[in-house]
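S.K.: Data file data_0.csv (CSV, C-alpha atoms) is appended below.
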chain,number,residue,atom,x,y,z
A,1,MET,CA,167.3,129.0,-29.0
A,2,PRO,CA,168.1,126.1,-26.7
A,3,ASP,CA,168.5,122.5,-27.9
A,4,VAL,CA,165.8,120.0,-26.8
A,5,THR,CA,166.6,117.9,-23.7
A,6,ALA,CA,166.8,114.1,-23.9
A,7,GLN,CA,163.3,114.0,-22.3
A,8,GLN,CA,161.9,116.4,-24.9
A,9,ALA,CA,163.5,114.4,-27.7
A,10,GLN,CA,161.8,111.3,-26.5
A,11,ARG,CA,158.5,113.0,-27.0
A,12,LEU,CA,159.3,113.3,-30.7
A,13,ILE,CA,160.3,109.7,-30.8
A,14,ALA,CA,157.0,108.7,-29.0
A,15,PHE,CA,155.0,110.7,-31.6
A,16,ALA,CA,156.5,108.7,-34.4
A,17,THR,CA,156.4,105.3,-32.7
A,18,GLN,CA,152.7,105.8,-31.9
A,19,ARG,CA,152.2,106.1,-35.7
A,20,LEU,CA,154.1,103.0,-36.8
A,21,GLY,CA,152.2,101.2,-39.6
A,22,GLN,CA,150.0,104.2,-40.2
A,23,VAL,CA,150.2,107.1,-42.7
A,24,GLU,CA,150.9,110.4,-41.0
A,25,GLY,CA,149.4,113.3,-42.8
A,26,ASN,CA,150.1,113.0,-46.6
A,27,GLY,CA,152.7,110.3,-46.0
A,28,GLU,CA,155.7,112.3,-47.1
A,29,CYS,CA,158.9,111.9,-45.0
A,30,TRP,CA,159.1,115.5,-44.0
A,31,THR,CA,155.4,115.5,-42.9
A,32,LEU,CA,156.1,113.0,-40.1
A,33,VAL,CA,158.9,115.2,-38.7
A,34,ASN,CA,157.0,118.5,-39.3
A,35,ASN,CA,153.8,117.2,-37.6
A,36,GLY,CA,155.9,115.8,-34.8
A,37,PHE,CA,157.5,119.1,-34.3
A,38,GLN,CA,154.1,120.8,-34.1
A,39,SER,CA,152.8,118.2,-31.7
A,40,VAL,CA,155.6,118.5,-29.2
A,41,SER,CA,156.1,122.3,-29.7
A,42,PHE,CA,159.6,122.2,-31.2
A,43,VAL,CA,160.7,125.2,-33.3
A,44,LYS,CA,160.9,124.6,-37.0
A,45,PRO,CA,163.3,127.1,-38.7
A,46,ALA,CA,161.9,128.9,-41.7
A,47,SER,CA,164.3,127.3,-44.2
A,48,THR,CA,163.1,124.2,-46.0
A,49,TYR,CA,164.6,120.9,-44.9
A,50,VAL,CA,166.3,122.6,-41.9
A,51,TRP,CA,165.2,121.1,-38.5
A,52,GLY,CA,167.3,122.9,-35.9
A,53,ARG,CA,171.0,123.3,-35.0
A,54,VAL,CA,173.5,121.4,-37.1
A,55,VAL,CA,175.4,118.6,-35.3
A,56,ASN,CA,178.8,118.2,-37.0
A,57,GLN,CA,179.8,114.8,-35.8
A,58,LEU,CA,178.0,111.5,-36.0
A,59,SER,CA,179.5,110.6,-32.6
A,60,GLN,CA,177.4,113.5,-31.2
A,61,ALA,CA,174.1,112.4,-32.7
A,62,GLN,CA,171.4,111.6,-30.1
A,63,PRO,CA,168.0,110.0,-30.2
A,64,GLY,CA,165.4,112.5,-31.5
A,65,ASP,CA,167.9,114.2,-33.9
A,66,VAL,CA,166.7,114.6,-37.4
A,67,PHE,CA,168.7,113.4,-40.3
A,68,GLN,CA,168.3,115.1,-43.7
A,69,PHE,CA,169.7,112.6,-46.3
A,70,SER,CA,170.8,113.6,-49.8
A,71,HIS,CA,171.4,111.0,-52.5
A,72,PHE,CA,172.4,108.6,-49.7
A,73,GLU,CA,173.2,104.9,-50.4
A,74,VAL,CA,174.4,102.1,-48.2
A,75,THR,CA,175.8,98.9,-49.7
A,76,GLU,CA,176.5,95.9,-47.5
A,77,ARG,CA,178.5,93.1,-48.9
A,78,ILE,CA,179.0,89.8,-46.9
A,79,GLU,CA,181.7,87.4,-48.1
A,80,ASN,CA,181.8,83.9,-46.6
A,81,PRO,CA,185.0,81.9,-46.2
A,82,ASP,CA,183.8,79.4,-49.0
A,83,GLY,CA,183.8,82.3,-51.5
A,84,SER,CA,180.0,82.8,-51.6
A,85,TRP,CA,178.7,86.3,-51.0
A,86,SER,CA,175.6,88.4,-50.8
A,87,GLU,CA,175.1,92.1,-51.3
A,88,SER,CA,172.2,94.5,-50.5
A,89,THR,CA,171.7,98.2,-51.0
A,90,GLN,CA,169.5,100.8,-49.3
A,91,THR,CA,168.9,104.3,-50.6
A,92,ARG,CA,167.6,107.4,-48.9
A,93,GLY,CA,167.0,110.7,-50.6
A,94,ALA,CA,166.5,111.1,-54.3
A,95,PRO,CA,167.2,113.9,-53.9
A,96,ARG,CA,166.3,114.3,-50.2
A,97,HIS,CA,164.8,112.2,-47.3
A,98,THR,CA,164.0,113.2,-43.7
A,99,ALA,CA,164.1,110.8,-40.8
A,100,ILE,CA,164.0,110.8,-37.0
A,101,LEU,CA,167.0,109.1,-35.3
A,102,GLU,CA,165.8,106.5,-32.7
A,103,SER,CA,169.3,105.1,-31.8
A,104,VAL,CA,172.8,104.9,-33.1
A,105,ASP,CA,175.9,103.0,-31.8
A,106,ALA,CA,179.6,103.5,-32.1
A,107,GLU,CA,179.9,101.4,-35.2
A,108,GLY,CA,177.4,103.6,-37.0
A,109,ASN,CA,174.4,101.2,-36.8
A,110,ALA,CA,171.4,103.5,-36.7
A,111,THR,CA,167.7,103.0,-36.3
A,112,PHE,CA,165.3,105.6,-37.8
A,113,LEU,CA,161.6,106.3,-37.7
A,114,GLU,CA,160.6,107.4,-41.2
A,115,SER,CA,157.9,107.3,-43.8
A,116,ASN,CA,157.7,107.2,-47.6
A,117,ILE,CA,160.2,104.4,-48.0
A,118,GLY,CA,160.1,101.4,-50.4
A,119,GLY,CA,156.8,102.5,-51.9
A,120,SER,CA,155.0,102.7,-48.5
A,121,ARG,CA,153.9,105.9,-47.0
A,122,ASN,CA,153.4,104.2,-43.6
A,123,VAL,CA,155.6,105.2,-40.7
A,124,GLN,CA,158.3,102.6,-40.4
A,125,ARG,CA,161.3,101.7,-38.1
A,126,ASN,CA,164.3,100.9,-40.2
A,127,SER,CA,168.0,100.2,-39.3
A,128,PHE,CA,171.1,100.6,-41.5
A,129,ARG,CA,174.6,101.8,-41.1
A,130,VAL,CA,175.5,105.4,-41.7
A,131,ARG,CA,179.2,105.2,-42.1
A,132,THR,CA,181.6,103.0,-44.1
A,133,THR,CA,183.1,100.1,-42.2
A,134,GLN,CA,184.8,96.8,-42.8
A,135,GLY,CA,185.4,93.8,-40.5
A,136,THR,CA,185.8,90.1,-40.3
A,137,ASP,CA,184.1,88.0,-37.6
A,138,ALA,CA,185.5,85.0,-35.7
A,139,ASN,CA,184.1,82.6,-38.4
A,140,GLY,CA,185.9,84.4,-41.2
A,141,VAL,CA,182.9,86.2,-42.6
A,142,LYS,CA,183.9,89.6,-44.0
A,143,THR,CA,181.4,92.4,-44.0
A,144,THR,CA,182.0,95.6,-46.0
A,145,VAL,CA,179.7,98.5,-45.7
A,146,THR,CA,180.1,101.3,-48.2
A,147,VAL,CA,178.3,104.6,-47.8
A,148,SER,CA,177.9,107.3,-50.4
A,149,GLY,CA,175.9,110.5,-50.6
A,150,SER,CA,175.5,112.7,-47.5
A,151,PHE,CA,173.4,113.6,-44.6
A,152,ILE,CA,173.1,116.6,-42.2
A,153,ILE,CA,172.2,115.9,-38.6
A,154,TYR,CA,169.9,118.5,-36.9
A,155,ARG,CA,169.3,118.9,-33.2
A,156,PRO,CA,165.8,120.1,-32.7
A,157,GLN,CA,165.3,123.3,-30.6
A,158,VAL,CA,162.6,124.8,-28.4
A,159,ALA,CA,161.7,128.4,-27.8
A,160,ALA,CA,163.7,130.1,-25.1
A,161,THR,CA,161.8,130.7,-21.9
A,162,PRO,CA,161.9,134.3,-20.7
Kindly return the structure encoded in the file as structure tokens.

M.R.:
Amino acid sequence: MPDVTAQQAQRLIAFATQRLGQVEGNGECWTLVNNGFQSVSFVKPASTYVWGRVVNQLSQAQPGDVFQFSHFEVTERIENPDGSWSESTQTRGAPRHTAILESVDAEGNATFLESNIGGSRNVQRNSFRVRTTQGTDANGVKTTVTVSGSFIIYRPQVAATP
């Protein structure tokens, strides 16, 4: 089966963005993706939590890809030059979570369209890093992002045309 084109992938993103702030179906994370696949005629493989062809590298991820998280956690620690610091943690997948990638940059900052997060079943747009990084800015503020757990990236597919 062929992969979706960028234009076809945008249809899945549009399906999800049109539902921001609303409950899609039963509000489960996979329901947003499953209903989106049905709406835009993508092929859903028979296996549970499989959404197409596996993409092996984060650098190859594209908008419209589906991330299947498993016990995934992102901790961001910000340390200021005066010694003060703050720390925040986001989790996805206990044990699993499904989300549509809206965008990702070279540093691993990703934006997802997802539901059933933080006690809300509404469709949401959330951004977080998906790879471990560390850096210090020009003002001496050090940011450390630690990622644990895992994810699989799936490229949606369409039925082959005869």

S.K.: Name all residues at most 12 Å from A:Phe67 (count all atoms listed in the file; drop same-chain ones fewer than 5 positions away) and give them as a PyMOL selection string.

M.R.: chain A and resi 29-30+33+49-56+58+61-62+72+92-93+96-104+110-114+130+150-156

S.K.: At what distance in Å, to one decimal, does atom CA of A:Thr17 lie from atom CA of A:Pro2?

M.R.: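 Taking atom CA of A:Pro2 as the start and atom CA of A:Thr17 as the end point, the length is 24.6 Å.
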
S.K.: Residues around (180.1, 96.4, -51.1), cut-off 12 Å, counting only C-alpha atoms - what are they as an MDAnalysis selection string?

M.R.: chainID A and resid 73:79 85:90 132:134 142:148

S.K.: Between atom CA of A:Ile13 and atom CA of A:Ser59, measure the distance and give it in Å to one decimal.

M.R.: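 If I compute the distance from atom CA of A:Ile13 to atom CA of A:Ser59, I get 19.3 Å.
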
S.K.: Rank nothing, just name the residue among A:Asp82, A:Asp65, A:Asp3, A:Glu24 nearest to A:Gln124, using all atoms listed in the file.

M.R.: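 That would be A:Glu24, the residue with the smallest distance to A:Gln124.
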
S.K.: For atom CA of A:Ser120 and atom CA of A:Ala14, quote the distance in Å rounded to one decimal.

M.R.: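 About the pair atom CA of A:Ser120 and atom CA of A:Ala14: they are 20.5 Å apart.
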
S.K.: Given the choices A:Gln22, A:Gln68, A:Gln8, A:Gln57, which gets closest to A:Ser39 if the distance is worked out from all atoms listed in the file?

M.R.: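 That would be A:Gln8, the residue with the smallest distance to A:Ser39.
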
S.K.: Using only C-alpha atoms, which residue out of A:Pro45, A:Gly27, A:Pro63, A:Gly83 lies closest to A:Leu12?

M.R.: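 Closest to A:Leu12, using only C-alpha atoms: A:Pro63.
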
S.K.: Nearest to A:Ala16 among A:Thr161, A:Ser84, A:Asn122, A:Ser70, with distances taken over all atoms listed in the file: which residue is it?

M.R.: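 Answer, going by the shortest atom-to-atom distance: A:Asn122.
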